[in-house]
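Scroll down for the structure; my scribbles are underneath it.
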Amino acid sequence: MTIDQLTSFFGWMSVLSIAFLLVATIGLIVLRPVAVRLHSSLFSLSEDALNSAYFNYLANLKILTLIFCVAPWLALKLM
């Protein structure tokens, strides 16, 4: 693989990952009552614990996206 192909790959992977992050964030904002009701009945968790779990999920997803998608793309673009 050439550097141009890798740059293109990581660029598209970044776009898809960021799009998924946005969809997940908007989905949790819009569908929070439904998600809390469903997850609290499935896992016997309080609403506060679920809000913390949702926040941790989005934070971890953002960190993974930045480390494994955006950072390699940016490094390849700077080469």
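Labels used: A, B, ... for chains in the order of the structure tokens, numbers from 1 for residues in each chain, and numbers from 1 for ligands as shown.
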
* To do: Could you give me, as a list in words, the residues within 9 Å of Leu66 in chain A, counting only C-alpha atoms and dropping anything in the same chain fewer than 5 positions from it?
  =>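 Neighbouring residues, sequence-local ones excluded: Ser14, Ile18, Leu61, Ala71 and Pro72 of chain A.
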
* Residues at most 7 Å from range 5-12 of chain A, counting only C-alpha atoms, excluding those fewer than 5 positions away in the same chain, as a ChimeraX atom specification? -> /A:69,72-73,76-77

* Contacts of range 45-49 of chain A within 7 Å, only C-alpha atoms, excl. fewer than 4 positions in-chain, as a list in words -> Val36, Ser40 and Ala53 of chain A

* May I have the residues within 9 Å of range 56-60 of chain A as a list in words, using only C-alpha atoms and disregarding those fewer than 4 positions away in the same chain? => Leu21, Ala24, Thr25, Asn51, Ser52, Leu64 and Thr65 of chain A

* Asked: Of the candidates A:Met1, A:Phe68, A:Lys62, A:Tyr54, which one gets nearest to Leu22 in chain A if we count only C-alpha atoms?
  ->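 For Leu22 in chain A, the nearest of the given residues is A:Lys62.
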
* State, in Å with one decimal place, the distance from CA of Leu38 in chain A to CA of Ser17 in chain A. => 25.4 Å

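Closest approach to Ala35 in chain A from the set A:Leu50, A:Val23, A:Leu16, A:Ile67 is made by A:Leu50, with distances taken over only C-alpha atoms.
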
Per-residue DSSP, chain A, filtered to alpha helix (DSSP H), as a JSON list (two decimals) with N, CA, C and O atoms, in the first residue's frame:
```
[["chain", "number", "residue", "atom", "x", "y", "z"],
["A", 3, "ILE", "N", 1.43, 5.46, 0.50],
["A", 3, "ILE", "CA", 1.03, 6.44, 1.52],
["A", 3, "ILE", "C", -0.27, 7.13, 1.12],
["A", 3, "ILE", "O", -1.11, 7.41, 1.97],
["A", 4, "ASP", "N", -0.48, 7.34, -0.16],
["A", 4, "ASP", "CA", -1.73, 7.95, -0.61],
["A", 4, "ASP", "C", -2.93, 7.05, -0.32],
["A", 4, "ASP", "O", -3.99, 7.52, 0.09],
["A", 5, "GLN", "N", -2.76, 5.76, -0.53],
["A", 5, "GLN", "CA", -3.85, 4.82, -0.24],
["A", 5, "GLN", "C", -4.12, 4.76, 1.26],
["A", 5, "GLN", "O", -5.29, 4.72, 1.68],
["A", 6, "LEU", "N", -3.07, 4.74, 2.07],
["A", 6, "LEU", "CA", -3.27, 4.73, 3.52],
["A", 6, "LEU", "C", -3.94, 6.01, 4.00],
["A", 6, "LEU", "O", -4.81, 5.97, 4.87],
["A", 7, "THR", "N", -3.53, 7.13, 3.44],
["A", 7, "THR", "CA", -4.14, 8.41, 3.82],
["A", 7, "THR", "C", -5.62, 8.41, 3.46],
["A", 7, "THR", "O", -6.46, 8.84, 4.26],
["A", 8, "SER", "N", -5.94, 7.92, 2.30],
["A", 8, "SER", "CA", -7.34, 7.84, 1.89],
["A", 8, "SER", "C", -8.13, 6.89, 2.79],
["A", 8, "SER", "O", -9.25, 7.19, 3.20],
["A", 9, "PHE", "N", -7.54, 5.75, 3.11],
["A", 9, "PHE", "CA", -8.20, 4.77, 3.98],
["A", 9, "PHE", "C", -8.50, 5.37, 5.35],
["A", 9, "PHE", "O", -9.62, 5.28, 5.84],
["A", 10, "PHE", "N", -7.48, 5.98, 5.98],
["A", 10, "PHE", "CA", -7.70, 6.56, 7.30],
["A", 10, "PHE", "C", -8.62, 7.77, 7.25],
["A", 10, "PHE", "O", -9.36, 8.03, 8.21],
["A", 11, "GLY", "N", -8.62, 8.49, 6.14],
["A", 11, "GLY", "CA", -9.54, 9.61, 5.99],
["A", 11, "GLY", "C", -10.98, 9.14, 5.96],
["A", 11, "GLY", "O", -11.84, 9.68, 6.66],
["A", 12, "TRP", "N", -11.28, 8.13, 5.15],
["A", 12, "TRP", "CA", -12.64, 7.61, 5.09],
["A", 12, "TRP", "C", -13.03, 6.91, 6.38],
["A", 12, "TRP", "O", -14.19, 6.98, 6.81],
["A", 13, "MET", "N", -12.07, 6.23, 7.02],
["A", 13, "MET", "CA", -12.37, 5.60, 8.30],
["A", 13, "MET", "C", -12.71, 6.67, 9.35],
["A", 13, "MET", "O", -13.61, 6.48, 10.16],
["A", 14, "SER", "N", -12.02, 7.80, 9.30],
["A", 14, "SER", "CA", -12.32, 8.90, 10.22],
["A", 14, "SER", "C", -13.71, 9.47, 9.96],
["A", 14, "SER", "O", -14.46, 9.73, 10.90],
["A", 15, "VAL", "N", -14.04, 9.65, 8.69],
["A", 15, "VAL", "CA", -15.37, 10.19, 8.35],
["A", 15, "VAL", "C", -16.47, 9.26, 8.86],
["A", 15, "VAL", "O", -17.44, 9.70, 9.48],
["A", 16, "LEU", "N", -16.32, 7.97, 8.61],
["A", 16, "LEU", "CA", -17.34, 7.01, 9.06],
["A", 16, "LEU", "C", -17.42, 6.93, 10.58],
["A", 16, "LEU", "O", -18.52, 6.85, 11.15],
["A", 17, "SER", "N", -16.28, 6.95, 11.25],
["A", 17, "SER", "CA", -16.27, 6.88, 12.70],
["A", 17, "SER", "C", -16.89, 8.12, 13.33],
["A", 17, "SER", "O", -17.64, 8.03, 14.30],
["A", 18, "ILE", "N", -16.58, 9.28, 12.78],
["A", 18, "ILE", "CA", -17.16, 10.52, 13.31],
["A", 18, "ILE", "C", -18.66, 10.55, 13.03],
["A", 18, "ILE", "O", -19.44, 11.00, 13.88],
["A", 19, "ALA", "N", -19.07, 10.07, 11.87],
["A", 19, "ALA", "CA", -20.51, 10.00, 11.57],
["A", 19, "ALA", "C", -21.22, 9.08, 12.55],
["A", 19, "ALA", "O", -22.31, 9.41, 13.05],
["A", 20, "PHE", "N", -20.61, 7.93, 12.84],
["A", 20, "PHE", "CA", -21.22, 7.01, 13.82],
["A", 20, "PHE", "C", -21.28, 7.65, 15.20],
["A", 20, "PHE", "O", -22.27, 7.51, 15.92],
["A", 21, "LEU", "N", -20.22, 8.38, 15.58],
["A", 21, "LEU", "CA", -20.23, 9.08, 16.86],
["A", 21, "LEU", "C", -21.34, 10.11, 16.93],
["A", 21, "LEU", "O", -22.04, 10.22, 17.94],
["A", 22, "LEU", "N", -21.55, 10.85, 15.86],
["A", 22, "LEU", "CA", -22.63, 11.84, 15.82],
["A", 22, "LEU", "C", -24.00, 11.18, 15.89],
["A", 22, "LEU", "O", -24.89, 11.66, 16.61],
["A", 23, "VAL", "N", -24.18, 10.09, 15.16],
["A", 23, "VAL", "CA", -25.47, 9.38, 15.20],
["A", 23, "VAL", "C", -25.73, 8.83, 16.59],
["A", 23, "VAL", "O", -26.85, 8.92, 17.12],
["A", 24, "ALA", "N", -24.71, 8.26, 17.22],
["A", 24, "ALA", "CA", -24.87, 7.72, 18.57],
["A", 24, "ALA", "C", -25.19, 8.82, 19.57],
["A", 24, "ALA", "O", -26.05, 8.66, 20.44],
["A", 25, "THR", "N", -24.53, 9.97, 19.44],
["A", 25, "THR", "CA", -24.78, 11.08, 20.35],
["A", 25, "THR", "C", -26.19, 11.64, 20.17],
["A", 25, "THR", "O", -26.92, 11.83, 21.15],
["A", 26, "ILE", "N", -26.57, 11.87, 18.93],
["A", 26, "ILE", "CA", -27.92, 12.39, 18.67],
["A", 26, "ILE", "C", -28.97, 11.37, 19.08],
["A", 26, "ILE", "O", -30.01, 11.71, 19.64],
["A", 27, "GLY", "N", -28.70, 10.09, 18.81],
["A", 27, "GLY", "CA", -29.63, 9.04, 19.22],
["A", 27, "GLY", "C", -29.82, 8.99, 20.72],
["A", 27, "GLY", "O", -30.95, 8.83, 21.21],
["A", 28, "LEU", "N", -28.75, 9.14, 21.47],
["A", 28, "LEU", "CA", -28.89, 9.12, 22.93],
["A", 28, "LEU", "C", -29.57, 10.38, 23.45],
["A", 28, "LEU", "O", -30.29, 10.33, 24.45],
["A", 29, "ILE", "N", -29.37, 11.50, 22.78],
["A", 29, "ILE", "CA", -30.05, 12.73, 23.21],
["A", 29, "ILE", "C", -31.54, 12.64, 22.92],
["A", 29, "ILE", "O", -32.37, 12.95, 23.78],
["A", 30, "VAL", "N", -31.88, 12.21, 21.72],
["A", 30, "VAL", "CA", -33.29, 12.19, 21.31],
["A", 30, "VAL", "C", -34.05, 11.03, 21.96],
["A", 30, "VAL", "O", -35.19, 11.19, 22.41],
["A", 32, "ARG", "N", -33.32, 9.27, 24.74],
["A", 32, "ARG", "CA", -32.91, 8.98, 26.11],
["A", 32, "ARG", "C", -34.03, 8.33, 26.95],
["A", 32, "ARG", "O", -33.77, 7.34, 27.62],
["A", 33, "PRO", "N", -35.26, 8.84, 26.92],
["A", 33, "PRO", "CA", -36.29, 8.18, 27.74],
["A", 33, "PRO", "C", -36.52, 6.72, 27.36],
["A", 33, "PRO", "O", -36.66, 5.85, 28.22],
["A", 34, "VAL", "N", -36.54, 6.45, 26.07],
["A", 34, "VAL", "CA", -36.74, 5.08, 25.61],
["A", 34, "VAL", "C", -35.55, 4.21, 26.00],
["A", 34, "VAL", "O", -35.72, 3.08, 26.48],
["A", 35, "ALA", "N", -34.34, 4.73, 25.80],
["A", 35, "ALA", "CA", -33.13, 3.96, 26.13],
["A", 35, "ALA", "C", -33.03, 3.69, 27.62],
["A", 35, "ALA", "O", -32.68, 2.58, 28.03],
["A", 36, "VAL", "N", -33.34, 4.70, 28.44],
["A", 36, "VAL", "CA", -33.27, 4.51, 29.90],
["A", 36, "VAL", "C", -34.28, 3.47, 30.34],
["A", 36, "VAL", "O", -33.96, 2.59, 31.15],
["A", 37, "ARG", "N", -35.49, 3.54, 29.82],
["A", 37, "ARG", "CA", -36.50, 2.57, 30.20],
["A", 37, "ARG", "C", -36.10, 1.15, 29.79],
["A", 37, "ARG", "O", -36.21, 0.21, 30.57],
["A", 38, "LEU", "N", -35.61, 1.01, 28.58],
["A", 38, "LEU", "CA", -35.21, -0.30, 28.08],
["A", 38, "LEU", "C", -34.02, -0.85, 28.86],
["A", 38, "LEU", "O", -34.05, -1.99, 29.34],
["A", 39, "HIS", "N", -32.98, -0.06, 29.02],
["A", 39, "HIS", "CA", -31.77, -0.54, 29.68],
["A", 39, "HIS", "C", -31.96, -0.73, 31.18],
["A", 39, "HIS", "O", -31.35, -1.62, 31.76],
["A", 40, "SER", "N", -32.79, 0.09, 31.80],
["A", 40, "SER", "CA", -33.03, -0.11, 33.23],
["A", 40, "SER", "C", -33.82, -1.39, 33.48],
["A", 40, "SER", "O", -33.59, -2.08, 34.48],
["A", 41, "SER", "N", -34.70, -1.74, 32.57],
["A", 41, "SER", "CA", -35.43, -3.01, 32.75],
["A", 41, "SER", "C", -34.56, -4.21, 32.41],
["A", 41, "SER", "O", -34.69, -5.27, 33.03],
["A", 42, "LEU", "N", -33.65, -4.07, 31.45],
["A", 42, "LEU", "CA", -32.77, -5.18, 31.09],
["A", 42, "LEU", "C", -31.67, -5.43, 32.11],
["A", 42, "LEU", "O", -31.36, -6.58, 32.43],
["A", 43, "PHE", "N", -31.07, -4.36, 32.63],
["A", 43, "PHE", "CA", -29.89, -4.50, 33.46],
["A", 43, "PHE", "C", -30.09, -4.09, 34.91],
["A", 43, "PHE", "O", -29.14, -4.09, 35.69],
["A", 47, "GLU", "N", -31.35, 5.34, 36.85],
["A", 47, "GLU", "CA", -31.20, 6.31, 35.77],
["A", 47, "GLU", "C", -29.85, 7.03, 35.87],
["A", 47, "GLU", "O", -29.22, 7.31, 34.85],
["A", 48, "ASP", "N", -29.40, 7.31, 37.10],
["A", 48, "ASP", "CA", -28.09, 7.97, 37.26],
["A", 48, "ASP", "C", -26.96, 7.08, 36.76],
["A", 48, "ASP", "O", -26.02, 7.56, 36.13],
["A", 49, "ALA", "N", -27.03, 5.78, 37.06],
["A", 49, "ALA", "CA", -25.99, 4.86, 36.60],
["A", 49, "ALA", "C", -26.01, 4.75, 35.07],
["A", 49, "ALA", "O", -24.94, 4.67, 34.44],
["A", 50, "LEU", "N", -27.18, 4.76, 34.49],
["A", 50, "LEU", "CA", -27.28, 4.70, 33.03],
["A", 50, "LEU", "C", -26.75, 5.97, 32.37],
["A", 50, "LEU", "O", -26.07, 5.89, 31.35],
["A", 51, "ASN", "N", -27.05, 7.12, 32.95],
["A", 51, "ASN", "CA", -26.52, 8.38, 32.40],
["A", 51, "ASN", "C", -25.00, 8.37, 32.44],
["A", 51, "ASN", "O", -24.34, 8.81, 31.49],
["A", 52, "SER", "N", -24.44, 7.86, 33.51],
["A", 52, "SER", "CA", -22.98, 7.74, 33.61],
["A", 52, "SER", "C", -22.44, 6.76, 32.57],
["A", 52, "SER", "O", -21.40, 7.01, 31.96],
["A", 53, "ALA", "N", -23.13, 5.65, 32.38],
["A", 53, "ALA", "CA", -22.70, 4.65, 31.40],
["A", 53, "ALA", "C", -22.78, 5.22, 29.98],
["A", 53, "ALA", "O", -21.87, 4.98, 29.17],
["A", 54, "TYR", "N", -23.83, 5.98, 29.68],
["A", 54, "TYR", "CA", -23.95, 6.59, 28.35],
["A", 54, "TYR", "C", -22.82, 7.59, 28.12],
["A", 54, "TYR", "O", -22.22, 7.64, 27.05],
["A", 55, "PHE", "N", -22.52, 8.40, 29.14],
["A", 55, "PHE", "CA", -21.45, 9.38, 29.02],
["A", 55, "PHE", "C", -20.11, 8.69, 28.81],
["A", 55, "PHE", "O", -19.31, 9.10, 27.96],
["A", 56, "ASN", "N", -19.85, 7.63, 29.58],
["A", 56, "ASN", "CA", -18.59, 6.88, 29.43],
["A", 56, "ASN", "C", -18.49, 6.25, 28.04],
["A", 56, "ASN", "O", -17.41, 6.23, 27.44],
["A", 57, "TYR", "N", -19.59, 5.72, 27.54],
["A", 57, "TYR", "CA", -19.61, 5.12, 26.20],
["A", 57, "TYR", "C", -19.23, 6.15, 25.14],
["A", 57, "TYR", "O", -18.37, 5.90, 24.30],
["A", 58, "LEU", "N", -19.86, 7.31, 25.18],
["A", 58, "LEU", "CA", -19.57, 8.34, 24.18],
["A", 58, "LEU", "C", -18.16, 8.88, 24.33],
["A", 58, "LEU", "O", -17.48, 9.13, 23.33],
["A", 59, "ALA", "N", -17.69, 9.02, 25.56],
["A", 59, "ALA", "CA", -16.33, 9.50, 25.79],
["A", 59, "ALA", "C", -15.30, 8.50, 25.25],
["A", 59, "ALA", "O", -14.33, 8.88, 24.58],
["A", 60, "ASN", "N", -15.50, 7.22, 25.54],
["A", 60, "ASN", "CA", -14.58, 6.20, 25.05],
["A", 60, "ASN", "C", -14.61, 6.10, 23.53],
["A", 60, "ASN", "O", -13.56, 5.93, 22.89],
["A", 61, "LEU", "N", -15.78, 6.22, 22.94],
["A", 61, "LEU", "CA", -15.89, 6.17, 21.49],
["A", 61, "LEU", "C", -15.16, 7.35, 20.85],
["A", 61, "LEU", "O", -14.48, 7.20, 19.83],
["A", 62, "LYS", "N", -15.28, 8.52, 21.45],
["A", 62, "LYS", "CA", -14.59, 9.70, 20.93],
["A", 62, "LYS", "C", -13.07, 9.54, 21.03],
["A", 62, "LYS", "O", -12.34, 9.84, 20.09],
["A", 63, "ILE", "N", -12.59, 9.04, 22.16],
["A", 63, "ILE", "CA", -11.15, 8.84, 22.34],
["A", 63, "ILE", "C", -10.63, 7.81, 21.34],
["A", 63, "ILE", "O", -9.58, 8.02, 20.71],
["A", 64, "LEU", "N", -11.33, 6.70, 21.18],
["A", 64, "LEU", "CA", -10.89, 5.68, 20.23],
["A", 64, "LEU", "C", -10.89, 6.20, 18.80],
["A", 64, "LEU", "O", -9.99, 5.89, 18.01],
["A", 65, "THR", "N", -11.89, 7.00, 18.45],
["A", 65, "THR", "CA", -11.95, 7.58, 17.12],
["A", 65, "THR", "C", -10.76, 8.51, 16.88],
["A", 65, "THR", "O", -10.13, 8.47, 15.82],
["A", 71, "ALA", "N", -5.85, 10.57, 14.31],
["A", 71, "ALA", "CA", -4.41, 10.79, 14.50],
["A", 71, "ALA", "C", -3.57, 10.17, 13.38],
["A", 71, "ALA", "O", -2.67, 10.84, 12.85],
["A", 72, "PRO", "N", -3.82, 8.90, 12.97],
["A", 72, "PRO", "CA", -3.04, 8.37, 11.84],
["A", 72, "PRO", "C", -3.28, 9.15, 10.55],
["A", 72, "PRO", "O", -2.33, 9.36, 9.78],
["A", 73, "TRP", "N", -4.51, 9.54, 10.30],
["A", 73, "TRP", "CA", -4.80, 10.32, 9.09],
["A", 73, "TRP", "C", -4.04, 11.64, 9.11],
["A", 73, "TRP", "O", -3.42, 12.03, 8.12],
["A", 74, "LEU", "N", -4.06, 12.32, 10.25],
["A", 74, "LEU", "CA", -3.37, 13.58, 10.37],
["A", 74, "LEU", "C", -1.86, 13.41, 10.22],
["A", 74, "LEU", "O", -1.19, 14.20, 9.55],
["A", 75, "ALA", "N", -1.31, 12.34, 10.81],
["A", 75, "ALA", "CA", 0.13, 12.08, 10.69],
["A", 75, "ALA", "C", 0.50, 11.81, 9.23],
["A", 75, "ALA", "O", 1.54, 12.28, 8.75],
["A", 76, "LEU", "N", -0.33, 11.05, 8.53],
["A", 76, "LEU", "CA", -0.06, 10.79, 7.12],
["A", 76, "LEU", "C", -0.21, 12.03, 6.26],
["A", 76, "LEU", "O", 0.50, 12.20, 5.26],
["A", 77, "LYS", "N", -1.14, 12.90, 6.59],
["A", 77, "LYS", "CA", -1.31, 14.14, 5.83],
["A", 77, "LYS", "C", -0.11, 15.07, 6.02],
["A", 77, "LYS", "O", 0.25, 15.80, 5.11],
["A", 78, "LEU", "N", 0.50, 15.03, 7.20],
["A", 78, "LEU", "CA", 1.63, 15.90, 7.47],
["A", 78, "LEU", "C", 2.93, 15.40, 6.84],
["A", 78, "LEU", "O", 3.91, 16.13, 6.77]]
```
